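Colleague: Handing you this structure, nothing more for now.
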Amino acid sequence: MKGVVLGLRAWLVAGVLIATASTSSQPPNVVIMLMDDMGWGDLGCNGEPNRETPNLDQMAREGLIASSMYTAAPLCSPSYTPQNMVGGIPDDEVLLPELLAQKGYTSGLVGKWHLGHQPQYLPLKHGFDFWFGAPNCHFGPYADLLTPNIPVFLNDSMVGRYYEDFHIDKNNGVSNMTQLFTDAAVEFINREANRGPFFLLWAPDATHAPTYASEKYRGTSRRGRYGEAVRELDAGVGAILDALRAHQVDNNTLVVFTSDNGAALVSKYNGGSNGPFLCGKQTTFEGGMRAPGIFWWPGVIPAGTTTHQVSSENTQPSQPYEEAVAEWCGRRWICSRTAAQLAGVQTPQDRIYDGLALAKSLTHPQLEVQRPVFLYRGNRLMAVRRGPLKIHLWTFSTPTAELQKGINFCPGAEVPNVTTPTPTNHTARPILFNVEVDPGERYPVSHLSRTYKDAIQMLKKVVKEHEEKLVPGEPQLNWCDQAVMHWRPHGCEALKECLPIPQSNPYLCDWPH
């Protein structure tokens, strides 16, 4: 998962949806379900052959499938040991819950934060009223000597650590964390549904390696451990939608389901599926950046519909930040501008967002707006899609050093001159695919064809206009230091789980991917 500026690309327009929404006198609630490393092909409604996601499939039947929804970056963090990062989300970034507070919203986060773990970066410092979850993924276990175990927080205090107080059995893939995250989400809805408008971000990470599910789901999936994790998350989706129905707020609640990036194919049979798409997490090929997308709002979004509108969860800011920080605004604040508009608040006017008004693609799925989506890997613009056409300005699959370790982001799917093991510059002659005809990106359009010449001329102009608007930002995650790790989080004293802090020794981080 990667991410931090306000808002993913706008999918809705307030005026249109308010006009067709329920007659409720209060602004709509917003629930965002953000999965971790779940692939486009993991949902039954997207063709997963075992059909083990009945609640998501029902959500799709009752709502709208977005078939061409892209993430902001092909991974959630630039490293697998991010707790040594010094930085985090800057104070000048105005997040969605801060905006919604102007209209009386109560905002809750359940699950993974990943926007910095020092006190000044945590959720309650950036607009959230409630948080149950962790600032990092559930890596470990660690011996608490060179690396501390990741803490789990309730609001601004830790209530334990992964593997110590919140058990995860890596050998058998068993943990009840998804159940705890589901219970916390349902309790939040039960508490807030009749008080006023609310925003809930549900961000469980069970499908991120090491995958896990509760004992109840062991042996229940034909897909093994990963499938067990998906099945329990699907049950969580059902529980959250049932809670909305029970409080009769489903007709005044927009619910969005998506994932932070494509499935991690490096996990092999313990990872997910990207369906027909090339490669997976870490890459800007379709398998790395096309995510599942379902929009559900009974009475507003027509049931059983599909939009092929090309869109991104990200609003690429005019001031791009280092990849990991740019993740959160880039991916996790899906529909943030829209939610703010629906609530009747204005987004900041001192920065540029490239989102367009796409509400009609939801209420009238047959309509499509021809607009580009820009696909980044770090700070480098790798590819652009507009309509059915996608150009690769750069290609980069699995670094050679990783291949030598047996790690492959594109297992069994190498395409000559496309899945290159080093960053390869194609800007002089970009590689062009029609990803509607060729979603696997296996058959480049001939550079001699009229289609290629017309498309390249158009897309190069799009790229030029895009890059002219970008202003370099200050990197937020370029420094690391062992001293900033989770040695003494707030609340550790009461639990007697404080650890000695090593001497500070800042150094430049190394993000090889």
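In the structure tokens, the first chain shown is A, the next is B, and so on; residue numbers restart at 1 for each chain, and ligands run from 1 in the order shown.
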Would you kindly return, as a VMD selection string, each protein, DNA or RNA residue with an atom no farther than 9 Å from any atom of Phe181 (chain A), considering only C-alpha atoms and excluding same-chain residues fewer than 3 positions away?

Modeller: chain A and resid 110 to 111 132 to 133 176 to 178 184 to 186 202 to 204 236

Colleague: Would you write out those residues with C-alpha atoms, as a PDB file, in the first residue's frame?

Modeller:
ATOM      1  CA  VAL A 110     -10.723   1.502  12.032  1.00  0.00           C
ATOM      2  CA  GLY A 111      -7.566  -0.254  10.867  1.00  0.00           C
ATOM      3  CA  PHE A 132      -8.861   1.744  16.640  1.00  0.00           C
ATOM      4  CA  GLY A 133      -5.977   0.275  14.707  1.00  0.00           C
ATOM      5  CA  ASN A 176      -8.979 -12.400  15.279  1.00  0.00           C
ATOM      6  CA  MET A 177      -7.922  -8.883  14.196  1.00  0.00           C
ATOM      7  CA  THR A 178     -10.416  -8.732  11.310  1.00  0.00           C
ATOM      8  CA  ALA A 184     -15.263  -1.685  16.060  1.00  0.00           C
ATOM      9  CA  ALA A 185     -16.727  -0.463  12.742  1.00  0.00           C
ATOM     10  CA  VAL A 186     -20.198  -1.751  13.574  1.00  0.00           C
ATOM     11  CA  TRP A 202     -12.562   0.855   7.456  1.00  0.00           C
ATOM     12  CA  ALA A 203      -9.009  -0.220   6.577  1.00  0.00           C
ATOM     13  CA  PRO A 204      -8.303  -3.808   7.705  1.00  0.00           C
ATOM     14  CA  GLY A 236     -17.167  -7.796   7.591  1.00  0.00           C
TER      15      GLY A 236
END

Colleague: Using DSSP assignments from the backbone, pull out every residue in region 182-259 of chain A that falls under strand (DSSP E) and give it to me as a list of chain:residue names.

Modeller: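 Filtering region 182-259 of chain A to strand (DSSP E) leaves A:Phe198, A:Phe199, A:Leu200, A:Leu201, A:Trp202, A:Ala203, A:Thr253, A:Leu254, A:Val255, A:Val256, A:Phe257, A:Thr258, A:Ser259.
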
Colleague: Any idea what's packed within 8 Å of region 458-465 of chain A, counting only C-alpha atoms, ignoring anything in its chain fewer than 4 positions away? Could you give it as a PyMOL selection string?

Modeller: chain A and resi 372+384+386+391+454+469

Colleague: In terms of the shortest atom-to-atom distance over only C-alpha atoms, which of A:Gly47, A:Gly378, A:Gly271, A:Gly280 is closest to Thr398 (chain A)?

Modeller: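 The closest residue to Thr398 (chain A) is A:Gly280.
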
Colleague: Do a neighbour search on region 36-45 of chain A at 9 Å with only C-alpha atoms, toss out local chain neighbours closer than 5 positions, and write the hits as a PyMOL selection string.

Modeller: chain A and resi 1+50-54+56-58+60-61+65+67+75-76+203-209+227+230+258-264+271-277+280-281+287-288+290-293

Colleague: What's around region 504-509 of chain A at 8 Å? Count only C-alpha atoms, leave out sequence neighbours fewer than 5 positions away in its own chain, and write the answer as a list in words.

Modeller: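 Contacts, in chain order: Met85, Leu477, Asn478, Trp479, Cys480, Asp481, Gln482, Ala483 and Val484 of chain A.
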
Colleague: Could I get the residues of region 336-442 of chain A with an atom no further than 8 Å from an atom of region 100-108 of chain A, each paired with its nearest atom pair and that distance in Å to one decimal, using only C-alpha atoms, sorted by chain and residue number, as a tab-separated table?

Modeller:
residue	atom	partner	partner_atom	distance
A:Ala340	CA	A:Leu100	CA	6.2
A:Ala343	CA	A:Lys103	CA	6.6
A:Gly344	CA	A:Lys103	CA	7.5
A:Val345	CA	A:Leu100	CA	7.1

Colleague: Can I get the selected residues back with N, CA and C atoms, as a CSV table (one decimal), in the first residue's frame?

Modeller:
chain,number,residue,atom,x,y,z
A,340,ALA,N,-16.8,16.1,0.7
A,340,ALA,CA,-16.8,17.4,1.2
A,340,ALA,C,-17.9,18.3,0.5
A,343,ALA,N,-21.3,17.3,1.7
A,343,ALA,CA,-21.5,17.9,3.0
A,343,ALA,C,-21.7,19.4,3.0
A,344,GLY,N,-21.4,20.0,1.9
A,344,GLY,CA,-21.5,21.4,1.7
A,344,GLY,C,-20.4,22.3,2.2
A,345,VAL,N,-19.2,21.6,2.2
A,345,VAL,CA,-18.0,22.4,2.6
A,345,VAL,C,-17.0,22.5,1.3

Colleague: How many Å lie between CA of Thr424 (chain A) and CA of Leu393 (chain A), rounded to one decimal?

Modeller: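 Going from CA of Thr424 (chain A) over to CA of Leu393 (chain A), I get 8.5 Å.
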
Colleague: Could you pull out all residues of region 40-205 of chain A with a DSSP call of helix (DSSP H, G or I) and give them as a PyMOL selection string?

Modeller: chain A and resi 40-42+44-46+54-62+82-84+96-103+119-121+123-125+177-192

Colleague: In Å, how far is it from CA of His447 (chain A) to CA of Pro416 (chain A)?

Modeller: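 A separation of 15.5 Å between them.
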
Colleague: Could you tell me how far CA of Pro502 (chain A) sits from CA of Thr147 (chain A), in Å to one decimal place?

Modeller: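 So the two atoms, CA of Thr147 (chain A) and CA of Pro502 (chain A), lie 10.4 Å apart.
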
Colleague: Considering only C-alpha atoms, return as JSON, numbers by chain whatever protein or nucleic-acid residues lie within 8 Å of Ile301 (chain A), sequence-local ones (same chain, fewer than 3 positions apart) excluded.

Modeller: {"A": [63, 64, 295, 296, 297, 298, 362, 363]}

Colleague: Leaving out Pro151 (chain A) and any residue of its chain fewer than 5 positions from it, which residues lie within 6 Å of it when counting only C-alpha atoms, given as number ranges by chain?

Modeller: A: 158, 160-161

Colleague: Could you turn the residues from that selection into a file that holds N, CA and C atoms, as an mmCIF file, in the first residue's frame?

Modeller:
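Contents of again.cif, freshly written:
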data_model
loop_
_atom_site.group_PDB
_atom_site.id
_atom_site.type_symbol
_atom_site.label_atom_id
_atom_site.label_comp_id
_atom_site.auth_asym_id
_atom_site.auth_seq_id
_atom_site.Cartn_x
_atom_site.Cartn_y
_atom_site.Cartn_z
ATOM 1 N N MET A 158 -1.780 3.631 23.043
ATOM 2 C CA MET A 158 -1.647 2.230 22.669
ATOM 3 C C MET A 158 -2.360 1.356 23.695
ATOM 4 N N GLY A 160 -1.826 -2.128 23.371
ATOM 5 C CA GLY A 160 -1.112 -3.388 23.239
ATOM 6 C C GLY A 160 -0.254 -3.380 21.990
ATOM 7 N N ARG A 161 0.386 -4.488 21.726
ATOM 8 C CA ARG A 161 1.231 -4.639 20.542
ATOM 9 C C ARG A 161 0.837 -5.901 19.787
#

Colleague: Smallest atom-to-atom distance to Pro421 (chain A): which of A:Leu499, A:Ala401, A:Leu470, A:Ala66, using only C-alpha atoms?

Modeller: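 Ranked by minimum distance to Pro421 (chain A), first place goes to A:Ala401.
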
Colleague: Pick from A:Leu495, A:Met289, A:Leu403, A:Cys137: nearest to Ser68 (chain A), with only C-alpha atoms counted?

Modeller: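 Counting only C-alpha atoms, the residue closest to Ser68 (chain A) is A:Met289.
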
Colleague: With distances taken over only C-alpha atoms, which residue among A:Asp129, A:Asp183, A:Asp169, A:Glu474 lies nearest Pro210 (chain A)?

Modeller: A:Asp169

Colleague: Find, counting only C-alpha atoms, the residue in A:Arg450, A:Glu93, A:Gln309, A:Asn136 that gets nearest to Arg351 (chain A).

Modeller: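 Closest residue, counting only C-alpha atoms: A:Glu93.
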
Colleague: With only C-alpha atoms as the basis for distance, which of A:Ile294, A:Leu367, A:Ile407, A:Ala303 is at the shortest distance from Leu265 (chain A)?

Modeller: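 Closest to Leu265 (chain A), using only C-alpha atoms: A:Ile407.
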